[in-house]
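This is start_34.txt. It holds compact mmCIF, C-alpha atoms.
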# COMPACT_ATOMS: atom_id res chain seq x y z
CA MET A 1 20.81 -7.38 -15.35
CA GLU A 2 19.82 -9.11 -18.57
CA LEU A 3 16.18 -9.43 -19.55
CA ASP A 4 14.50 -12.82 -19.48
CA THR A 5 13.77 -13.30 -23.17
CA ASN A 6 10.90 -15.64 -22.32
CA ALA A 7 9.16 -12.77 -20.49
CA VAL A 8 10.27 -9.68 -22.44
CA TYR A 9 10.99 -9.27 -26.16
CA GLN A 10 13.40 -6.43 -26.93
CA PRO A 11 13.72 -5.57 -30.63
CA ALA A 12 16.52 -3.38 -31.95
CA ALA A 13 16.23 0.35 -31.21
CA ARG A 14 14.42 2.30 -33.95
CA TRP A 15 13.20 5.81 -34.64
CA SER A 16 9.53 6.39 -33.88
CA VAL A 17 6.97 9.10 -34.56
CA ALA A 18 3.66 9.27 -32.72
CA VAL A 19 0.61 11.51 -32.91
CA LEU A 20 -1.43 12.03 -29.76
CA GLY A 21 -4.93 13.06 -28.93
CA GLU A 22 -5.58 13.91 -25.30
CA LEU A 23 -8.16 15.12 -22.85
CA HIS A 24 -6.80 16.71 -19.71
CA GLN A 25 -7.54 19.16 -16.97
CA ALA A 26 -5.07 21.00 -14.78
CA GLY A 27 -5.53 23.64 -12.17
CA ILE A 28 -4.84 24.97 -8.72
CA THR A 29 -7.09 26.06 -5.89
CA GLN A 30 -5.80 28.29 -3.12
CA GLU A 31 -7.09 29.79 0.11
CA ASN A 32 -5.67 32.86 1.86
CA THR A 33 -6.62 34.17 5.29
CA LEU A 34 -5.52 37.44 6.91
CA ASP A 35 -6.17 38.72 10.42
CA CYS A 36 -6.16 42.45 11.15
CA LYS A 37 -6.42 43.83 14.68
CA PHE A 38 -8.03 47.24 15.16
CA THR A 39 -7.48 49.44 18.23
CA PHE A 40 -8.21 53.08 18.92
CA GLY A 41 -6.64 54.46 22.05
CA GLU A 42 -7.67 52.15 24.82
CA ASP A 43 -10.57 50.71 22.79
CA ASP A 44 -10.08 47.30 21.20
CA PHE A 45 -12.38 46.71 18.23
CA GLY A 46 -11.30 43.09 17.87
CA THR A 47 -9.88 41.24 14.89
CA ILE A 48 -11.24 41.41 11.39
CA GLN A 49 -10.52 38.36 9.28
CA GLY A 50 -10.21 38.48 5.52
CA TYR A 51 -10.62 35.30 3.47
CA THR A 52 -9.90 34.83 -0.22
CA SER A 53 -10.37 31.67 -2.27
CA THR A 54 -8.88 31.64 -5.76
CA LYS A 55 -9.19 29.02 -8.45
CA LEU A 56 -7.21 28.81 -11.67
CA LEU A 57 -8.85 25.84 -13.34
CA GLY A 58 -9.29 25.25 -17.02
CA GLY A 59 -12.08 23.20 -18.51
CA VAL A 60 -11.53 19.76 -19.92
CA ASP A 61 -9.14 20.63 -22.73
CA LYS A 62 -8.83 18.84 -26.04
CA VAL A 63 -5.15 18.54 -26.89
CA VAL A 64 -3.18 17.35 -29.90
CA GLY A 65 0.48 16.49 -29.79
CA LEU A 66 3.50 15.07 -31.54
CA GLN A 67 6.12 12.76 -30.07
CA VAL A 68 9.44 11.82 -31.67
CA GLY A 69 11.74 9.19 -30.22
CA TYR A 70 14.61 6.79 -30.65
CA GLY A 71 14.89 3.64 -28.58
CA ASN A 72 14.24 4.54 -24.94
CA LEU A 73 14.14 8.32 -25.57
CA SER A 74 11.25 10.50 -26.69
CA LEU A 75 10.38 14.20 -26.83
CA GLY A 76 6.79 15.46 -26.95
CA TRP A 77 4.81 18.67 -27.41
CA ASN A 78 1.09 19.23 -26.73
CA LYS A 79 -1.19 22.17 -27.53
CA ARG A 80 -4.81 22.86 -26.71
CA VAL A 81 -7.24 23.09 -29.63
CA GLY A 82 -10.83 24.28 -29.84
CA GLY A 83 -12.69 25.29 -26.69
CA ASP A 84 -13.55 28.82 -25.63
CA ARG A 85 -10.09 30.10 -26.62
CA VAL A 86 -9.77 31.92 -23.30
CA GLY A 87 -6.20 31.68 -22.08
CA SER A 88 -3.79 29.00 -23.24
CA ASN A 89 -2.56 25.55 -22.24
CA THR A 90 0.75 24.18 -23.52
CA SER A 91 2.92 21.32 -22.29
CA PHE A 92 6.24 19.67 -23.13
CA SER A 93 7.60 16.27 -22.13
CA PHE A 94 10.84 14.30 -22.21
CA ASP A 95 10.89 10.56 -21.45
CA TYR A 96 13.59 7.99 -20.90
CA LEU A 97 11.70 4.72 -20.55
CA ALA A 98 13.86 1.61 -20.20
CA PRO A 99 12.50 -1.79 -19.11
CA GLY A 100 13.59 -1.35 -15.47
CA TYR A 101 14.12 2.41 -15.20
CA ALA A 102 12.09 5.47 -16.09
CA LEU A 103 12.66 9.23 -16.09
CA GLN A 104 9.81 11.48 -17.18
CA LEU A 105 10.01 15.28 -17.35
CA GLN A 106 6.87 17.38 -17.87
CA TYR A 107 6.31 21.12 -18.11
CA PHE A 108 2.86 22.78 -18.09
CA ASP A 109 1.97 26.39 -18.77
CA LEU A 110 -1.66 27.33 -18.08
CA ARG A 111 -2.96 30.89 -18.47
CA ARG A 112 -6.59 31.66 -17.64
CA PRO A 113 -8.64 34.23 -15.70
CA ILE A 114 -8.79 33.45 -11.98
CA ASP A 115 -12.11 32.86 -10.24
CA TYR A 116 -12.23 34.22 -6.72
CA GLU A 117 -14.43 34.52 -3.65
CA MET A 118 -13.79 37.08 -0.92
CA ARG A 119 -15.20 37.42 2.55
CA VAL A 120 -14.49 39.87 5.35
CA SER A 121 -15.65 38.83 8.83
CA MET A 122 -16.22 42.06 10.75
CA GLY A 123 -16.80 40.55 14.19
CA ASP A 124 -19.70 40.81 16.62
CA GLY A 125 -22.34 43.36 15.72
CA TRP A 126 -21.09 43.83 12.15
CA GLU A 127 -22.36 42.32 8.95
CA ASP A 128 -19.89 40.20 6.99
CA LEU A 129 -18.92 41.43 3.54
CA GLU A 130 -18.82 38.91 0.70
CA GLY A 131 -18.10 38.99 -3.00
CA SER A 132 -17.04 36.85 -5.92
CA GLY A 133 -15.96 37.28 -9.51
CA GLN A 134 -13.27 36.69 -12.08
CA THR A 135 -10.09 38.63 -12.76
CA ASP A 136 -10.01 40.78 -15.88
CA LYS A 137 -6.52 39.60 -16.80
CA PRO A 138 -5.40 35.97 -16.83
CA GLY A 139 -3.33 34.46 -14.09
CA ARG A 140 -0.56 32.03 -14.90
CA MET A 141 0.27 28.61 -13.50
CA THR A 142 3.51 26.91 -14.47
CA THR A 143 4.50 23.46 -13.25
CA PHE A 144 7.60 21.34 -13.80
CA ILE A 145 7.44 17.69 -12.73
CA ALA A 146 10.27 15.13 -12.80
CA ASP A 147 9.37 11.51 -12.03
CA ALA A 148 11.94 8.72 -11.72
CA PHE A 149 11.08 5.05 -11.15
CA TYR A 150 13.25 2.03 -10.36
CA ALA A 151 11.85 -1.49 -10.81
CA PHE A 152 13.14 -4.20 -8.47
CA ASN A 153 12.12 -6.92 -10.93
CA ARG A 154 14.19 -5.81 -13.89
CA ARG A 155 14.51 -9.27 -15.41
CA SER A 156 10.95 -10.28 -16.30
CA PHE A 157 9.10 -6.92 -16.08
CA ALA A 158 9.25 -3.98 -18.52
CA TYR A 159 7.57 -0.75 -17.35
CA SER A 160 8.02 0.86 -20.77
CA ALA A 161 6.16 -1.94 -22.57
CA ALA A 162 2.72 -0.45 -21.85
CA TYR A 163 3.62 3.22 -22.38
CA LYS A 164 6.30 3.41 -25.05
CA GLY A 165 6.25 0.10 -26.93
CA ASN A 166 10.04 0.00 -27.38
CA VAL A 167 10.00 -3.43 -25.71
CA VAL A 168 7.22 -6.01 -25.60
CA GLN A 169 5.98 -7.83 -22.51
CA ARG A 170 5.50 -11.48 -23.56
CA ARG A 171 3.89 -12.77 -20.36
CA SER A 172 2.27 -11.15 -17.33
CA ALA A 173 4.60 -9.90 -14.61
CA GLY A 174 4.73 -7.34 -11.82
CA THR A 175 7.27 -5.56 -9.66
CA TRP A 176 7.70 -3.34 -6.64
CA LEU A 177 8.83 0.16 -7.58
CA PHE A 178 10.83 2.89 -5.88
CA GLY A 179 9.92 6.38 -7.03
CA VAL A 180 11.26 9.92 -6.68
CA LYS A 181 9.32 13.06 -7.67
CA TYR A 182 10.58 16.64 -7.94
CA LEU A 183 7.96 19.30 -8.42
CA GLN A 184 8.28 23.04 -8.93
CA GLY A 185 5.10 25.04 -9.28
CA SER A 186 4.13 28.70 -9.47
CA VAL A 187 0.87 30.62 -9.47
CA ALA A 188 0.97 34.33 -10.35
CA TYR A 189 -1.64 37.11 -10.39
CA ASP A 190 -1.47 40.18 -12.56
CA PRO A 191 -0.06 42.91 -10.24
CA ASP A 192 -2.64 45.43 -11.47
CA GLU A 193 -5.68 43.33 -10.53
CA ASP A 194 -7.85 44.83 -7.79
CA ILE A 195 -7.85 41.56 -5.86
CA VAL A 196 -4.07 41.86 -5.40
CA SER A 197 -4.19 45.27 -3.70
CA ASP A 198 -7.61 45.02 -2.01
CA MET A 199 -7.48 41.56 -0.45
CA LEU A 200 -3.98 40.12 -0.86
CA LEU A 201 -2.02 43.22 0.20
CA GLY A 202 0.23 43.04 -2.84
CA LEU A 203 0.70 39.25 -2.94
CA VAL A 204 1.40 38.61 -6.64
CA LYS A 205 3.14 35.22 -6.80
CA GLN A 206 3.51 32.04 -4.80
CA ASP A 207 5.97 29.25 -5.55
CA THR A 208 6.47 25.77 -4.19
CA ARG A 209 9.27 23.23 -4.50
CA GLN A 210 8.89 19.66 -3.36
CA VAL A 211 10.92 16.46 -3.32
CA SER A 212 9.03 13.24 -2.60
CA PHE A 213 10.04 9.60 -2.19
CA GLY A 214 7.87 6.52 -2.15
CA GLY A 215 7.28 2.93 -3.09
CA GLY A 216 4.50 1.14 -4.91
CA PHE A 217 3.62 -1.59 -7.31
CA SER A 218 3.30 -1.94 -11.07
CA TYR A 219 1.81 -4.86 -12.98
CA ASN A 220 1.72 -5.77 -16.67
CA LEU A 221 -1.11 -8.07 -17.73
CA VAL A 222 -0.59 -9.76 -21.11
CA PRO A 223 -3.73 -11.54 -22.36
CA PHE A 224 -2.34 -12.05 -25.88
CA HIS A 225 1.09 -12.30 -27.50
CA ARG A 226 2.40 -13.68 -30.79
CA GLN A 227 6.12 -13.61 -31.35
CA PRO A 228 7.31 -12.17 -34.71
CA GLY A 229 9.21 -14.22 -37.26
CA LYS A 230 12.88 -13.86 -38.08
CA ASP A 231 12.08 -10.97 -40.43
CA GLY A 232 10.45 -9.07 -37.56
CA LYS A 233 6.97 -9.31 -39.04
CA GLY A 234 3.96 -10.95 -37.45
CA LEU A 235 4.21 -9.37 -33.99
CA ARG A 236 0.89 -9.22 -32.15
CA ASN A 237 0.69 -8.13 -28.50
CA LEU A 238 -1.84 -6.71 -26.06
CA THR A 239 -0.57 -5.43 -22.69
CA PHE A 240 -2.32 -3.66 -19.81
CA ASN A 241 -0.56 -1.85 -16.95
CA VAL A 242 -1.54 -0.38 -13.59
CA THR A 243 0.96 1.58 -11.46
CA ALA A 244 0.36 3.14 -8.03
CA ILE A 245 3.04 4.83 -5.89
CA PRO A 246 2.19 6.68 -2.64
CA MET A 247 4.87 9.26 -1.78
CA ILE A 248 6.04 11.21 1.26
CA THR A 249 7.17 14.80 0.64
CA LEU A 250 10.34 15.24 2.68
CA PHE A 251 11.34 18.65 1.28
CA ASN A 252 8.58 21.23 0.90
CA GLN A 253 9.69 24.83 0.36
CA PHE A 254 7.16 27.60 -0.09
CA SER A 255 7.83 31.20 -1.13
CA SER A 256 5.71 34.31 -1.68
CA THR A 257 6.40 37.51 -3.59
CA MET A 258 4.66 40.73 -2.60
CA LYS A 259 4.47 44.02 -4.48
CA ASN A 260 4.99 46.76 -1.91
CA ASN A 261 3.95 50.19 -3.18
CA PHE A 262 3.03 51.68 0.20
CA MET A 263 2.03 55.37 0.12
CA GLY A 264 2.57 55.58 -3.64
CA GLU A 265 6.28 54.88 -3.46
CA GLU A 266 8.12 53.04 -6.22
CA PRO A 267 6.96 49.37 -6.07
CA VAL A 268 9.41 46.96 -4.45
CA MET A 269 9.14 43.18 -4.74
CA ILE A 270 9.57 41.43 -1.38
CA LYS A 271 10.14 37.67 -1.26
CA ASN A 272 9.50 35.49 1.78
CA VAL A 273 10.66 31.84 1.92
CA ILE A 274 9.64 29.19 4.45
CA ASN A 275 9.95 25.41 4.70
CA GLY A 276 6.62 23.60 4.89
CA LYS A 277 5.53 20.42 6.63
CA LEU A 278 5.51 16.84 5.39
CA HIS A 279 2.80 15.90 2.91
CA VAL A 280 1.56 12.71 1.29
CA ASN A 281 1.31 12.80 -2.51
CA TYR A 282 0.89 9.99 -4.99
CA VAL A 283 1.33 8.87 -8.59
CA PHE A 284 -1.28 6.78 -10.37
CA LYS A 285 -1.10 5.57 -13.97
CA ALA A 286 -2.95 3.03 -16.09
CA GLY A 287 -2.48 2.12 -19.72
CA ALA A 288 -2.99 -0.41 -22.48
CA ILE A 289 -1.12 -0.94 -25.74
CA TYR A 290 -1.71 -3.08 -28.82
CA SER A 291 1.31 -3.71 -31.07
CA TRP A 292 1.48 -5.20 -34.52
CA ASP A 293 4.52 -5.34 -36.78
CA ARG A 294 6.12 -1.86 -36.51
CA PHE A 295 2.97 -0.07 -35.33
CA HIS A 296 1.26 0.32 -32.00
CA ILE A 297 -1.74 2.12 -30.59
CA GLY A 298 -1.99 2.92 -26.91
CA VAL A 299 -4.36 4.47 -24.39
CA SER A 300 -3.31 5.69 -20.97
CA GLY A 301 -4.41 7.84 -18.09
CA SER A 302 -2.58 9.49 -15.19
CA TYR A 303 -3.31 11.60 -12.14
CA ASP A 304 -0.93 13.94 -10.28
CA SER A 305 -1.64 15.91 -7.14
CA TYR A 306 0.28 17.96 -4.59
CA ASN A 307 -0.59 20.16 -1.63
CA TYR A 308 1.24 23.08 -0.07
CA ARG A 309 0.83 25.33 2.93
CA GLY A 310 2.71 28.39 4.18
CA ALA A 311 2.57 31.91 5.58
CA THR A 312 3.75 35.26 4.20
CA ASP A 313 5.08 38.00 6.47
CA ILE A 314 3.41 41.34 5.78
CA PRO A 315 5.86 44.28 5.60
CA ALA A 316 5.69 46.55 8.65
CA GLU A 317 4.84 49.54 6.41
CA TYR A 318 1.32 48.18 5.93
CA SER A 319 0.63 48.54 9.65
CA GLU A 320 -0.08 51.91 11.21
CA ASP A 321 -1.45 53.34 14.45
CA GLY A 322 -4.46 51.29 15.44
CA VAL A 323 -4.06 48.76 12.60
CA ASP A 324 -1.91 45.68 13.08
CA PHE A 325 -1.76 43.11 10.27
CA ASP A 326 -0.83 39.49 10.86
CA LYS A 327 0.63 37.11 8.28
CA ILE A 328 -1.19 35.94 5.15
CA HIS A 329 -1.75 32.20 5.64
CA SER A 330 -2.03 30.26 2.39
CA SER A 331 -2.87 26.70 1.46
CA GLY A 332 -3.29 25.25 -1.98
CA ARG A 333 -3.71 22.12 -4.03
CA PHE A 334 -2.57 21.37 -7.57
CA SER A 335 -4.09 18.51 -9.52
CA ARG A 336 -3.90 17.25 -13.09
CA TRP A 337 -5.47 14.32 -14.84
CA SER A 338 -5.09 13.21 -18.43
CA ALA A 339 -6.38 10.53 -20.77
CA ASN A 340 -4.67 10.09 -24.11
CA LEU A 341 -4.69 8.05 -27.28
CA LYS A 342 -1.44 7.53 -29.17
CA PHE A 343 -0.69 6.05 -32.59
CA CYS A 344 2.98 5.28 -33.28
CA VAL A 345 4.98 3.99 -36.22
CA LYS A 346 8.61 2.84 -36.10
CA PHE A 347 11.13 3.32 -38.90

How does the structure come out when it is put into C-alpha cells?
Amino acid sequence: MELDTNAVYQPAARWSVAVLGELHQAGITQENTLDCKFTFGEDDFGTIQGYTSTKLLGGVDKVVGLQVGYGNLSLGWNKRVGGDRVGSNTSFSFDYLAPGYALQLQYFDLRRPIDYEMRVSMGDGWEDLEGSGQTDKPGRMTTFIADAFYAFNRRSFAYSAAYKGNVVQRRSAGTWLFGVKYLQGSVAYDPDEDIVSDMLLGLVKQDTRQVSFGGGFSYNLVPFHRQPGKDGKGLRNLTFNVTAIPMITLFNQFSSTMKNNFMGEEPVMIKNVINGKLHVNYVFKAGAIYSWDRFHIGVSGSYDSYNYRGATDIPAEYSEDGVDFDKIHSSGRFSRWSANLKFCVKF
C-alpha cells in the first residue's frame, strides 16, 4: 500500500548515526515456597514451610549508547556508566522500523548481587525463623525480547516517524495495531551461594519462554510541520506518539535447573520443564521527535513487564525416612522501564 504523501513525507533512505543517553531500570523479583512434611514413626510433626524472596534489581542506571542505521534498519549498543560499579548492565538492539511495520529485538544482560529474605514457618508451638541479606557473588539475569507490530492504517500513519525519523508524519493520524511479543528470560544464582543449598535445595537457574499476541492503538500528534524545499533543506517537524498494546500470553513455558550433589556425590544438573498458565502482559511506549534538515532529536520512554509461575520437582534423593519434600513453587515478575534522549544526523 502506497503512503498518502499529504499525510506522510518519505525522503530517500540515508545512513544515520545517533548517540543516546538513557536512564533505565531492569530487574526481577521472585518468590519460592517449599513444604516439608516431618514424621517419626507414628508421630506426625506437621509440615514446615520454607519461603524465599529474591530480588535482582539494579538502581536507576545511567546509560550511553551508539546507534547506526540505514533507511528502516538500525543497530544499537548501550552500556552503563558511573554508579556504584557493582555488577554490570549491557544491552543490544536491532530495529526494523517501516511506516506500517515494526520489528524490534532487544537483549539485556544484568549482573548484580541478589537481595533475599528467608522465612521458615515451624508450625504450632515453634518460633518462626527469619533472615535476610545479599549474596556474596552476583546473580545474572538475561532477557531477549522480540516485538513485532502491524499497523492497519498503513496509508496515512507512520509508526517509525516518532522513534526513528526515517519518515516524517505531516499531519496527525492514528491506527489500530496488532502486536506479537516473544520473550526469553533467565535468572541464575551462583551454585556455591549458601542460599542455593540451604533454602533452594540446589535450585540454580530458572528460565521462561513466552509468546504473546494482542491489539492496541497508536497515535501520532503533529502540532507543527514545514515541508522542505526541492533541495531537501528547510524541513521542520514536531511529532508526538503514544502506543499501548495489551497482550495475552498463549504460550508460557517455565523450566528449572537444580544442582543435585546429594551425599557428596558428583553434582548432577537436573532440568524440569512445565507449561504455565495464561497471563496478561502489555507494551507501552511514548515519544516525541523534532526534525530539522538532516538532523533530529528525540525523547522516548517504554515499559515492559511479564509474569511467570511454575513448580520444580525435587529429586527423590533429597527425601529420607521421616522427611518428605514437596515441590518448589515459584512465581516471578520481570519489569523494565527506560527513558532516553537521542540525537541523530543523516548522511

Could you make a table, as a tab-separated table, of the residues of region 284-335 of chain A that have an atom within 9 Å of an atom of region 232-251 of chain A, each with its nearest atom pair and distance in Å to one decimal, counting all atoms listed in the file, in chain and number order?
residue	atom	partner	partner_atom	distance
A:Phe284	CA	A:Ala244	CA	4.6
A:Lys285	CA	A:Thr243	CA	5.1
A:Ala286	CA	A:Val242	CA	4.5
A:Gly287	CA	A:Asn241	CA	5.2
A:Ala288	CA	A:Phe240	CA	4.3
A:Ile289	CA	A:Thr239	CA	5.5
A:Tyr290	CA	A:Leu238	CA	4.6
A:Ser291	CA	A:Asn237	CA	5.2
A:Trp292	CA	A:Arg236	CA	4.7
A:Asp293	CA	A:Leu235	CA	4.9
A:Arg294	CA	A:Lys233	CA	7.9
A:Ser300	CA	A:Asn241	CA	9.0

Subject >> Non-local contacts of region 49-62 of chain A (7 Å; only C-alpha atoms; under 3 positions in same chain excluded) as a list in words >> reply: Glu22, Leu23, His24, Gln25, Ala26, Gly27, Ile28, Thr29, Gln30, Glu31, Asn32, Thr33, Leu34, Asp35, Cys36, Arg80, Val81, Gly82, Arg112, Pro113, Ile114, Asp115, Tyr116, Glu117, Met118, Arg119, Val120, Ser121 and Met122 of chain A

Subject >> Atomic separation - CA of Lys230 (chain A) relative to CA of Ala12 (chain A), Å >> reply: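 CA of Lys230 (chain A) lies at a distance of 12.7 Å from CA of Ala12 (chain A).
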
Using all atoms listed in the file, what does the table of region 108-153 of chain A residues within 6 Å of region 169-187 of chain A look like, with each row giving the shortest atom pair and its distance in Å to one decimal, sorted by chain and ascending number, as JSON lines?
{"residue": "A:Arg140", "atom": "CA", "partner": "A:Val187", "partner_atom": "CA", "distance": 5.8}
{"residue": "A:Met141", "atom": "CA", "partner": "A:Val187", "partner_atom": "CA", "distance": 4.5}
{"residue": "A:Thr142", "atom": "CA", "partner": "A:Ser186", "partner_atom": "CA", "distance": 5.3}
{"residue": "A:Thr143", "atom": "CA", "partner": "A:Gly185", "partner_atom": "CA", "distance": 4.3}
{"residue": "A:Phe144", "atom": "CA", "partner": "A:Gln184", "partner_atom": "CA", "distance": 5.2}
{"residue": "A:Ile145", "atom": "CA", "partner": "A:Leu183", "partner_atom": "CA", "distance": 4.6}
{"residue": "A:Ala146", "atom": "CA", "partner": "A:Tyr182", "partner_atom": "CA", "distance": 5.1}
{"residue": "A:Asp147", "atom": "CA", "partner": "A:Lys181", "partner_atom": "CA", "distance": 4.6}
{"residue": "A:Ala148", "atom": "CA", "partner": "A:Val180", "partner_atom": "CA", "distance": 5.2}
{"residue": "A:Phe149", "atom": "CA", "partner": "A:Gly179", "partner_atom": "CA", "distance": 4.5}
{"residue": "A:Tyr150", "atom": "CA", "partner": "A:Phe178", "partner_atom": "CA", "distance": 5.2}
{"residue": "A:Ala151", "atom": "CA", "partner": "A:Leu177", "partner_atom": "CA", "distance": 4.7}
{"residue": "A:Phe152", "atom": "CA", "partner": "A:Trp176", "partner_atom": "CA", "distance": 5.8}
{"residue": "A:Asn153", "atom": "CA", "partner": "A:Thr175", "partner_atom": "CA", "distance": 5.2}

**OP:** To one decimal in Å, tell me the separation between CA of Asp326 (chain A) and CA of Gly202 (chain A).
**Re:** 14.2 Å

Original post:
Closest to Asp128 (chain A) among A:Leu97, A:Ile48, A:Leu3, A:Leu278, using all atoms listed in the file?
Top reply: A:Ile48

Original post:
Which value, in Å to one decimal, gives the distance between CA of Ile314 (chain A) and CA of Thr135 (chain A)?
Top reply: 23.1 Å
